[in-house]
file query.cif (mmCIF, C-alpha atoms and all ligand atoms)
data_run
loop_
_atom_site.label_atom_id
_atom_site.label_comp_id
_atom_site.auth_asym_id
_atom_site.auth_seq_id
_atom_site.Cartn_x
_atom_site.Cartn_y
_atom_site.Cartn_z
CA MET A 1 -13.28 16.45 -14.75
CA LEU A 2 -9.89 14.78 -14.63
CA ILE A 3 -8.73 13.01 -11.48
CA ALA A 4 -5.39 11.44 -10.58
CA HIS A 5 -5.28 8.58 -8.11
CA PHE A 6 -2.06 7.74 -6.22
CA SER A 7 -1.69 5.08 -3.59
CA ASP A 8 0.82 3.43 -1.26
CA ILE A 9 3.65 5.85 -1.87
CA HIS A 10 5.25 5.08 1.52
CA LEU A 11 7.25 8.32 1.70
CA GLY A 12 10.01 7.96 4.27
CA LYS A 13 10.43 4.23 3.79
CA ARG A 14 14.04 3.19 3.54
CA PRO A 15 14.16 -0.34 2.09
CA TYR A 16 17.24 -2.33 3.15
CA ASN A 17 18.20 0.72 5.18
CA LEU A 18 19.68 2.31 2.07
CA GLU A 19 19.62 6.07 1.73
CA GLU A 20 19.40 5.64 -2.05
CA ARG A 21 16.16 3.70 -1.64
CA GLU A 22 14.62 6.35 0.59
CA TYR A 23 15.43 8.95 -2.06
CA ASP A 24 14.16 6.68 -4.86
CA ILE A 25 10.71 6.88 -3.32
CA TYR A 26 10.84 10.68 -3.19
CA ASP A 27 12.00 10.65 -6.83
CA VAL A 28 9.10 8.54 -8.08
CA PHE A 29 6.65 10.71 -6.16
CA ARG A 30 8.17 13.83 -7.77
CA GLU A 31 7.93 12.20 -11.19
CA ALA A 32 4.28 11.37 -10.58
CA ILE A 33 3.51 14.96 -9.55
CA GLU A 34 5.35 16.27 -12.61
CA ARG A 35 3.32 13.95 -14.82
CA VAL A 36 0.10 15.11 -13.19
CA LEU A 37 1.00 18.80 -13.67
CA GLU A 38 1.29 18.26 -17.42
CA ASP A 39 -2.31 17.12 -17.60
CA HIS A 40 -4.13 19.81 -15.62
CA ILE A 41 -6.05 17.63 -13.24
CA ASP A 42 -8.88 18.89 -11.06
CA ILE A 43 -8.52 16.43 -8.21
CA LEU A 44 -5.80 14.25 -6.69
CA LEU A 45 -6.91 11.26 -4.61
CA LEU A 46 -4.44 9.71 -2.16
CA SER A 47 -5.73 6.36 -0.95
CA GLY A 48 -3.54 5.82 2.09
CA ASP A 49 -0.01 4.80 3.08
CA ILE A 50 1.12 8.15 1.76
CA PHE A 51 3.76 8.00 4.49
CA ASP A 52 5.44 4.80 5.59
CA LYS A 53 4.80 5.53 9.24
CA SER A 54 2.42 7.56 11.36
CA LYS A 55 5.50 9.47 12.52
CA PRO A 56 7.36 9.75 9.23
CA LEU A 57 10.81 11.23 8.69
CA ASN A 58 10.67 15.01 8.59
CA ARG A 59 12.32 14.79 5.18
CA ALA A 60 9.33 12.80 3.94
CA LEU A 61 6.95 15.47 5.27
CA LYS A 62 8.96 18.16 3.52
CA VAL A 63 8.99 16.38 0.16
CA PHE A 64 5.24 15.86 0.41
CA GLU A 65 4.65 19.51 1.29
CA GLU A 66 6.79 20.81 -1.59
CA GLU A 67 5.24 18.57 -4.18
CA ILE A 68 1.62 18.94 -3.09
CA ALA A 69 1.99 22.74 -3.01
CA LYS A 70 2.67 22.63 -6.77
CA LEU A 71 -0.85 21.26 -7.18
CA THR A 72 -2.72 23.28 -4.59
CA ASP A 73 -1.09 26.46 -6.01
CA ARG A 74 -3.00 25.64 -9.19
CA ASN A 75 -6.23 25.02 -7.32
CA VAL A 76 -6.08 21.25 -7.61
CA LYS A 77 -8.16 19.69 -4.83
CA VAL A 78 -6.40 17.01 -2.83
CA TYR A 79 -8.36 14.38 -0.90
CA ALA A 80 -6.54 11.89 1.28
CA ILE A 81 -7.18 9.01 3.63
CA SER A 82 -4.83 7.17 6.00
CA GLY A 83 -3.61 3.66 5.41
CA ASP A 84 -2.58 1.11 8.01
CA HIS A 85 0.97 2.48 7.87
CA ASP A 86 0.25 6.16 8.39
CA TYR A 87 -2.68 5.94 10.80
CA PRO A 88 -1.47 6.29 14.40
CA LYS A 89 -2.25 3.37 16.72
CA ARG A 90 -2.04 5.57 19.78
CA ARG A 91 -3.87 8.77 20.52
CA ASP A 92 -2.24 11.06 18.04
CA ILE A 93 -3.29 12.65 14.80
CA PRO A 94 -2.32 11.27 11.39
CA PRO A 95 0.53 13.17 9.66
CA ILE A 96 -1.67 14.09 6.71
CA LEU A 97 -3.52 16.55 8.97
CA LEU A 98 -0.41 18.77 8.97
CA PHE A 99 -1.33 19.77 5.43
CA LYS A 100 -4.83 21.04 6.00
CA ARG A 101 -3.85 24.67 5.38
CA LEU A 102 -2.10 23.66 2.21
CA GLY A 103 -5.49 22.49 0.98
CA VAL A 104 -5.40 18.77 1.66
CA THR A 105 -8.79 17.47 2.80
CA TYR A 106 -8.63 14.46 5.08
CA LEU A 107 -11.47 11.96 4.82
CA TRP A 108 -12.12 9.58 7.70
CA SER A 109 -14.82 8.30 10.06
CA LYS A 110 -15.55 11.76 11.46
CA ASN A 111 -15.48 13.46 8.07
CA PRO A 112 -16.33 10.67 5.63
CA TYR A 113 -17.42 12.64 2.58
CA THR A 114 -17.27 15.89 0.73
CA ILE A 115 -18.68 17.28 -2.48
CA TYR A 116 -16.63 19.09 -5.07
CA ARG A 117 -18.45 20.47 -8.09
CA ASP A 118 -20.47 17.53 -9.35
CA VAL A 119 -18.57 14.80 -7.56
CA PHE A 120 -19.38 13.14 -4.26
CA ILE A 121 -16.17 11.90 -2.65
CA GLY A 122 -16.48 9.46 0.23
CA GLY A 123 -13.50 8.15 2.15
CA LEU A 124 -12.44 6.31 5.30
CA GLN A 125 -9.13 5.62 6.98
CA HIS A 126 -7.93 2.01 7.04
CA ILE A 127 -10.02 0.06 9.55
CA PRO A 128 -8.44 -3.22 10.69
CA LYS A 129 -10.19 -6.54 10.65
CA VAL A 130 -10.60 -6.54 14.46
CA SER A 131 -12.99 -3.64 13.94
CA ASN A 132 -14.82 -5.22 11.05
CA ARG A 133 -18.24 -4.25 12.34
CA ILE A 134 -17.22 -0.61 12.54
CA LEU A 135 -15.92 -0.77 8.99
CA ARG A 136 -19.16 -2.24 7.70
CA ASP A 137 -21.26 0.32 9.60
CA ARG A 138 -19.22 3.22 8.25
CA LEU A 139 -19.42 1.89 4.70
CA LYS A 140 -23.18 1.58 4.96
CA TYR A 141 -23.39 5.14 6.21
CA VAL A 142 -21.30 6.50 3.34
CA GLU A 143 -23.27 4.43 0.84
CA LYS A 144 -26.52 5.87 2.17
CA ILE A 145 -25.37 9.48 2.08
CA ALA A 146 -23.94 8.99 -1.41
CA SER A 147 -27.16 7.50 -2.73
CA LYS A 148 -29.07 10.53 -1.48
CA SER A 149 -26.70 13.06 -2.96
CA ASP A 150 -27.74 14.57 -6.27
CA THR A 151 -24.19 14.81 -7.63
CA LYS A 152 -23.57 13.39 -11.10
CA LYS A 153 -20.61 11.27 -10.05
CA ARG A 154 -19.63 9.35 -6.94
CA VAL A 155 -16.19 8.26 -5.84
CA LEU A 156 -15.21 6.18 -2.81
CA VAL A 157 -11.67 6.19 -1.38
CA LEU A 158 -10.64 3.21 0.78
CA HIS A 159 -7.52 1.53 2.10
CA GLN A 160 -8.62 -2.07 2.59
CA SER A 161 -7.90 -5.38 0.99
CA ILE A 162 -10.53 -7.46 -0.69
CA LYS A 163 -10.63 -11.24 -0.46
CA ARG A 164 -10.75 -11.71 -4.22
CA PHE A 165 -7.33 -10.12 -4.58
CA LEU A 166 -5.58 -11.08 -1.33
CA LYS A 167 -7.02 -14.26 0.07
CA PHE A 168 -4.75 -14.58 3.12
CA SER A 169 -5.47 -11.26 4.72
CA TYR A 170 -8.45 -9.15 3.83
CA GLU A 171 -11.09 -7.03 5.53
CA LEU A 172 -13.84 -7.15 2.94
CA THR A 173 -15.33 -9.36 0.31
CA MET A 174 -16.24 -7.77 -2.99
CA GLU A 175 -19.93 -8.13 -2.11
CA GLU A 176 -19.48 -6.08 1.06
CA LEU A 177 -18.35 -3.06 -0.94
CA PRO A 178 -20.93 -0.29 -1.17
CA ARG A 179 -22.75 0.06 -4.46
CA GLY A 180 -23.59 3.02 -6.59
CA PHE A 181 -20.13 4.53 -7.04
CA ASP A 182 -18.53 5.37 -10.37
CA TYR A 183 -15.05 4.81 -9.05
CA TYR A 184 -13.57 2.90 -6.11
CA ALA A 185 -10.16 4.47 -5.37
CA MET A 186 -8.47 1.66 -3.48
CA GLY A 187 -5.22 1.41 -1.57
CA HIS A 188 -3.42 -1.28 0.43
CA ILE A 189 -2.70 -3.95 -2.16
CA HIS A 190 0.60 -3.05 -3.78
CA ARG A 191 -0.08 -4.45 -7.23
CA TYR A 192 -2.11 -2.85 -10.01
CA ILE A 193 -5.70 -4.07 -10.16
CA LYS A 194 -8.52 -2.72 -12.31
CA ARG A 195 -11.91 -4.42 -12.16
CA ARG A 196 -15.53 -3.63 -12.86
CA TRP A 197 -17.66 -3.26 -9.78
CA ASP A 198 -21.35 -2.43 -9.87
CA LYS A 199 -21.64 0.38 -12.42
CA GLY A 200 -18.10 1.62 -11.95
CA TRP A 201 -14.41 0.76 -11.79
CA LEU A 202 -12.48 -0.51 -8.82
CA VAL A 203 -8.79 0.33 -9.04
CA TYR A 204 -5.73 -0.33 -6.92
CA PRO A 205 -2.96 1.70 -8.57
CA GLY A 206 -0.49 -0.31 -6.47
CA SER A 207 2.61 1.02 -4.79
CA MET A 208 4.66 3.62 -6.67
CA ASP A 209 7.97 1.83 -6.33
CA ILE A 210 9.00 -1.81 -5.93
CA LEU A 211 8.85 -1.86 -2.14
CA ASP A 212 9.79 -5.49 -1.67
CA ILE A 213 10.73 -8.56 -3.65
CA SER A 214 7.15 -9.80 -3.90
CA GLU A 215 6.32 -6.72 -6.00
CA ILE A 216 8.75 -7.52 -8.81
CA PRO A 217 6.35 -9.67 -10.89
CA ASP A 218 3.71 -6.92 -10.84
CA PHE A 219 6.31 -4.39 -11.92
CA GLU A 220 7.21 -6.64 -14.85
CA ASN A 221 3.55 -6.89 -15.88
CA ASN A 222 2.17 -3.45 -15.13
CA GLY A 223 5.07 -1.15 -14.32
CA LYS A 224 4.73 1.10 -11.28
CA GLY A 225 2.79 4.34 -11.25
CA PHE A 226 -0.73 5.65 -10.81
CA VAL A 227 -3.97 6.16 -12.73
CA PHE A 228 -5.88 8.97 -14.35
CA LEU A 229 -9.62 8.91 -14.14
CA ASP A 230 -11.81 10.82 -16.54
CA LEU A 231 -15.29 11.44 -15.18
CA SER A 232 -16.55 13.73 -17.92
CA GLY A 233 -18.37 11.12 -19.96
CA ASP A 234 -21.25 8.82 -19.01
CA GLU A 235 -18.86 6.14 -17.96
CA ALA A 236 -15.68 6.62 -15.93
CA GLU A 237 -12.54 6.03 -17.98
CA VAL A 238 -9.32 4.84 -16.38
CA TYR A 239 -5.80 5.26 -17.82
CA ARG A 240 -2.74 3.63 -16.36
CA ILE A 241 0.39 5.79 -16.13
CA LYS A 242 3.72 4.01 -15.77
CA LEU A 243 6.59 5.97 -14.28
CA ASP A 244 10.03 5.94 -15.91
CA ASN A 245 12.39 6.28 -12.99
CA ILE A 246 11.74 3.09 -11.09
CA ARG A 247 14.95 1.41 -9.98
CA LYS A 248 15.04 -2.05 -11.56
CA GLN A 249 15.10 -5.16 -9.40
CA PHE A 250 15.70 -8.76 -10.44
CA ILE A 251 15.27 -12.17 -8.89
CA ILE A 252 17.77 -14.85 -9.83
CA LYS A 253 16.98 -18.36 -8.67
CA VAL A 254 20.24 -20.17 -8.11
CA LYS A 255 19.80 -23.90 -8.58
CA ASP A 256 22.91 -25.06 -6.72
CA GLY A 257 25.40 -23.66 -4.27
CA SER A 258 28.06 -23.00 -6.88
CA LEU A 259 28.53 -19.50 -8.14
CA SER A 260 30.00 -20.52 -11.48
CA ASN A 261 27.15 -19.42 -13.73
CA LEU A 262 25.98 -16.69 -11.49
CA SER A 263 28.49 -14.08 -12.58
CA SER A 264 27.55 -14.47 -16.23
CA THR A 265 23.84 -14.27 -15.41
CA ILE A 266 24.37 -11.05 -13.49
CA SER A 267 26.59 -9.67 -16.26
CA ARG A 268 23.87 -10.38 -18.82
CA ILE A 269 21.30 -8.49 -16.75
CA LEU A 270 23.63 -5.54 -16.35
CA THR A 271 24.41 -5.41 -20.08
CA ASN A 272 20.70 -5.18 -20.85
CA LEU A 273 20.43 -2.32 -18.40
CA SER A 274 23.01 -0.03 -19.97
CA GLY A 275 21.30 3.33 -20.31
CA GLU A 276 19.51 3.05 -16.98
CA ASN A 277 20.70 5.73 -14.62
CA LYS A 278 19.88 3.82 -11.46
CA LYS A 279 21.89 0.76 -10.51
CA PRO A 280 19.69 -2.29 -10.00
CA ILE A 281 19.04 -4.43 -6.97
CA ILE A 282 19.56 -8.16 -7.48
CA HIS A 283 17.94 -10.74 -5.23
CA LEU A 284 19.57 -14.16 -5.32
CA VAL A 285 17.30 -16.95 -4.15
CA ILE A 286 19.44 -19.95 -3.32
CA ARG A 287 18.94 -23.29 -1.65
CA GLU A 288 22.36 -23.87 -0.21
CA THR A 289 24.50 -21.68 1.92
CA ILE A 290 26.99 -19.53 0.07
CA ALA A 291 30.34 -19.06 1.72
CA ARG A 292 30.64 -15.54 3.03
CA SER A 293 33.90 -15.00 1.17
CA ASP A 294 32.31 -16.08 -2.14
CA LEU A 295 29.45 -13.73 -1.55
CA GLU A 296 31.74 -10.83 -0.72
CA GLU A 297 33.71 -11.53 -3.87
CA LEU A 298 30.55 -11.55 -5.95
CA ARG A 299 29.33 -8.29 -4.44
CA GLU A 300 32.72 -6.71 -4.90
CA SER A 301 32.98 -7.68 -8.57
CA PHE A 302 29.60 -6.03 -9.33
CA SER A 303 29.73 -3.20 -6.84
CA LYS A 304 30.17 -0.54 -9.54
CA ASN A 305 27.01 -1.53 -11.37
CA THR A 306 24.62 -2.74 -8.68
CA LEU A 307 23.14 -0.97 -5.70
CA LEU A 308 22.70 -4.19 -3.76
CA ILE A 309 23.04 -7.92 -4.18
CA ARG A 310 20.86 -9.69 -1.65
CA ILE A 311 20.89 -13.33 -0.70
CA LEU A 312 17.71 -15.17 0.24
CA TYR A 313 17.69 -18.77 1.28
CA SER A 314 14.86 -20.93 0.04
CA ARG A 315 14.15 -24.61 0.47
CA GLU A 316 11.87 -24.34 -2.54
CA LYS A 317 8.84 -26.23 -1.29
CA SER A 318 5.67 -24.73 -2.62
CA LYS A 319 5.32 -21.41 -4.35
CA GLU A 320 3.58 -20.11 -1.24
CA GLU A 321 6.47 -21.11 1.00
CA VAL A 322 8.88 -19.29 -1.26
CA LYS A 323 6.65 -16.26 -1.07
CA TYR A 324 6.77 -16.37 2.71
CA ALA A 325 10.52 -16.78 2.66
CA TYR A 326 10.86 -13.56 0.69
CA ARG A 327 9.46 -11.30 3.33
CA LEU A 328 8.30 -11.57 6.87
CA ASP A 329 4.68 -10.54 6.83
CA LEU A 330 3.82 -10.55 10.52
CA ARG A 331 0.13 -10.24 9.95
CA GLU A 332 0.05 -13.35 7.77
CA LEU A 333 2.41 -15.12 10.14
CA PHE A 334 0.15 -14.49 13.15
CA ILE A 335 -2.90 -15.69 11.24
CA ARG A 336 -1.12 -18.85 10.13
CA GLU A 337 0.44 -19.69 13.48
CA LEU A 338 -2.70 -19.02 15.51
CA ASN A 339 -4.70 -20.82 12.86
CA SER A 340 -7.39 -18.18 13.11
CA GLU A 341 -7.87 -15.08 11.14
CA PHE A 342 -9.61 -13.28 13.97
CA LEU A 343 -6.96 -14.17 16.55
CA GLY A 344 -4.20 -13.38 14.09
CA GLU A 345 -5.62 -9.95 13.35
CA PHE A 346 -5.99 -9.33 17.07
CA ALA A 347 -2.41 -10.38 17.79
CA TYR A 348 -1.13 -8.22 14.97
CA GLU A 349 -3.04 -5.14 16.13
CA LEU A 350 -1.77 -5.73 19.65
CA PHE A 351 1.77 -6.07 18.38
CA LYS A 352 1.54 -2.82 16.43
CA ILE A 353 0.17 -0.89 19.41
CA LEU A 354 2.85 -2.24 21.75
CA ARG A 355 5.58 -1.49 19.24
CA GLU A 356 4.62 2.16 19.58
CA GLY A 357 4.64 1.88 23.35
CA GLY A 358 0.89 2.04 23.87
CA GLU A 359 0.46 -0.07 27.00
CA GLN A 360 -2.85 1.54 27.94
CA GLU A 361 -4.26 1.17 24.46
CA ALA A 362 -3.11 -2.43 24.41
CA THR A 363 -4.80 -3.20 27.73
CA LYS A 364 -8.00 -1.67 26.45
CA LEU A 365 -7.85 -3.74 23.28
CA VAL A 366 -7.28 -6.93 25.30
CA PHE A 367 -10.27 -6.19 27.57
CA GLU A 368 -12.46 -5.45 24.57
CA PHE A 369 -11.30 -8.64 22.95
CA PHE A 370 -12.09 -10.84 25.95
CA LYS A 371 -15.47 -9.22 26.35
CA LYS A 372 -16.28 -10.48 22.89
CA LYS A 373 -15.20 -14.06 23.59
CA ASN A 374 -17.57 -16.70 24.95
CA TRP A 375 -16.60 -19.53 27.33
CA LYS A 376 -15.42 -21.79 24.49
CA GLY A 377 -12.83 -19.23 23.65
CA ARG A 378 -14.61 -18.53 20.40
CA VAL A 379 -15.29 -15.04 19.27
CA ASP A 380 -18.88 -13.96 19.32
CA ASP A 381 -18.97 -11.73 16.31
CA SER A 382 -22.55 -10.64 16.91
CA SER A 383 -21.68 -8.48 19.92
CA LYS A 384 -20.90 -4.84 19.35
CA ALA A 385 -17.27 -4.21 18.48
MN MN B 401 0.89 0.06 1.66
#
call {"tool": "encode", "arguments": {"input": "query.cif", "output": "structure tokens"}}
result
Amino acid sequence: MLIAHFSDIHLGKRPYNLEEREYDIYDVFREAIERVLEDHIDILLLSGDIFDKSKPLNRALKVFEEEIAKLTDRNVKVYAISGDHDYPKRRDIPPILLFKRLGVTYLWSKNPYTIYRDVFIGGLQHIPKVSNRILRDRLKYVEKIASKSDTKKRVLVLHQSIKRFLKFSYELTMEELPRGFDYYAMGHIHRYIKRRWDKGWLVYPGSMDILDISEIPDFENNGKGFVFLDLSGDEAEVYRIKLDNIRKQFIIKVKDGSLSNLSSTISRILTNLSGENKKPIIHLVIRETIARSDLEELRESFSKNTLLIRILYSREKSKEEVKYAYRLDLRELFIRELNSEFLGEFAYELFKILREGGEQEATKLVFEFFKKKNWKGRVDDSSKA
């Protein structure tokens, strides 16, 4: 029994609003499918954020349909869950449900497991921290059903982050994960992680492309790609597959405002890249302001060989601060500013619902939230969520 596990593909995402980047993501997905077809897999697991949004671009839906059909035509079973990105906040269905007839089985609260041959496959959509109690209840339920099943192997598919790997925003600690599974197919964290848990393996394949600057170090260490899982032996075996067609990205830390050495640094990078068919993206992290004209000149002189030269300003305080400067993570920002993880998660959920125009949903969430608060303004976590 050979299984492929993909995660956080984010089809339809268009980083830096560049068409090339949108197509890059389709390309890496196609490469992954091609790679999987060579190895005659039985099952493909998709652990969420398959699409970048719950209403993805139609082009993204089409690419997914075309590629997945290549597998389902060969009787490969496809099991998918929703991530935080592709699970609708308002009353709509997730886009993955469009592919039911193609043979994609959606696993979520109302259909949290299935059995294929000798494998029990449990799965849940991403459940945010505000609904932590629901998440824990559902996990217990799946754990119980799994333990009663007489299948030889058990797999659990989740899109959640675990404190051990992402200490600023997480929904679960390692200890809260159900036990008794041979493989934990995880999504949400965009870097590659492979750890032992209970009697099995816990794996985040990570995102398939470098989706933002914070993912560059992981790419340098682990590449981008997916994993194969072999369940035929006593113990699950995991193999990392690195994809070839990832567009390269580089960070250059510029120590002063002058651009004197910068050109030669960029030239050196580009020389090493000869043979690559995709032009790289270069992120310049600088402390002082660069004159617009200097910047334009720099971009112009490398325009033939780079897709994008980005400028990021950094006051270089702590490593953490630099990390925050790289990307605006609203969830982390809310948690930090409100100085409370629970409030931050609540604010972020509210923000996401309102962004999609869900006034009624938002009102409901606010009422539910205040019902859970006691007079000190503290959240009583023991009440039913
Ligand atoms: Mn993701």
call {"tool": "residues_near_ligand", "arguments": {"input": "query.cif", "ligand": "ligand MN 401 (chain B)", "cutoff": "7 Å", "atoms": "all atoms listed in the file", "output": "number ranges by chain"}}
result
A: 8, 10, 49, 83, 85, 188-190, 207
call {"tool": "closest_residue", "arguments": {"input": "query.cif", "among": "A:Asp209, A:Glu220, A:Glu31, A:Asp182", "to": "Gly233 in chain A", "atoms": "only C-alpha atoms"}}
result
A:Asp182
call {"tool": "residues_around", "arguments": {"input": "query.cif", "residues": "Gln160 in chain A", "least_positions_apart": "3", "cutoff": "10 Å", "atoms": "all atoms listed in the file", "output": "list in words"}}
result
Ser47, Gly48, Gly83, Asp84, Leu124, Gln125, His126, Ile127, Pro128, Lys129, Leu135, Val157, Lys163, Ser169, Tyr170, Glu171, Leu172, Met186, Gly187, His188 and Ile189 of chain A
call {"tool": "write_last_selection", "arguments": {"input": "query.cif", "atoms": "C-alpha atoms", "output": "compact mmCIF listing (two decimals), in the frame of the given file"}}
result
# COMPACT_ATOMS: atom_id res chain seq x y z
CA SER A 47 -5.73 6.36 -0.95
CA GLY A 48 -3.54 5.82 2.09
CA GLY A 83 -3.61 3.66 5.41
CA ASP A 84 -2.58 1.11 8.01
CA LEU A 124 -12.44 6.31 5.30
CA GLN A 125 -9.13 5.62 6.98
CA HIS A 126 -7.93 2.01 7.04
CA ILE A 127 -10.02 0.06 9.55
CA PRO A 128 -8.44 -3.22 10.69
CA LYS A 129 -10.19 -6.54 10.65
CA LEU A 135 -15.92 -0.77 8.99
CA VAL A 157 -11.67 6.19 -1.38
CA LYS A 163 -10.63 -11.24 -0.46
CA SER A 169 -5.47 -11.26 4.72
CA TYR A 170 -8.45 -9.15 3.83
CA GLU A 171 -11.09 -7.03 5.53
CA LEU A 172 -13.84 -7.15 2.94
CA MET A 186 -8.47 1.66 -3.48
CA GLY A 187 -5.22 1.41 -1.57
CA HIS A 188 -3.42 -1.28 0.43
CA ILE A 189 -2.70 -3.95 -2.16
call {"tool": "residues_around", "arguments": {"input": "query.cif", "residues": "Tyr87 in chain A", "least_positions_apart": "2", "cutoff": "12 Å", "atoms": "all atoms listed in the file", "output": "MDAnalysis selection string"}}
result
chainID A and resid 48:56 80:85 89:97 106 108 124:128 159 352:353
call {"tool": "residues_around", "arguments": {"input": "query.cif", "residues": "Asn222 in chain A", "least_positions_apart": "5", "cutoff": "9 Å", "atoms": "all atoms listed in the file", "output": "PyMOL selection string"}}
result
chain A and resi 191-192+217+240+242
call {"tool": "atom_distance", "arguments": {"input": "query.cif", "atom1": "CA of Thr173 in chain A", "atom2": "CA of Leu202 in chain A"}}
result
13.0 Å
call {"tool": "atom_distance", "arguments": {"input": "query.cif", "atom1": "CA of Arg101 in chain A", "atom2": "CA of Val142 in chain A"}}
result
25.3 Å
call {"tool": "residues_around", "arguments": {"input": "query.cif", "residues": "Arg195 in chain A", "least_positions_apart": "3", "cutoff": "12 Å", "atoms": "all atoms listed in the file", "output": "number ranges by chain"}}
result
A: 162, 164-165, 174, 182-186, 192, 198-205, 237-238
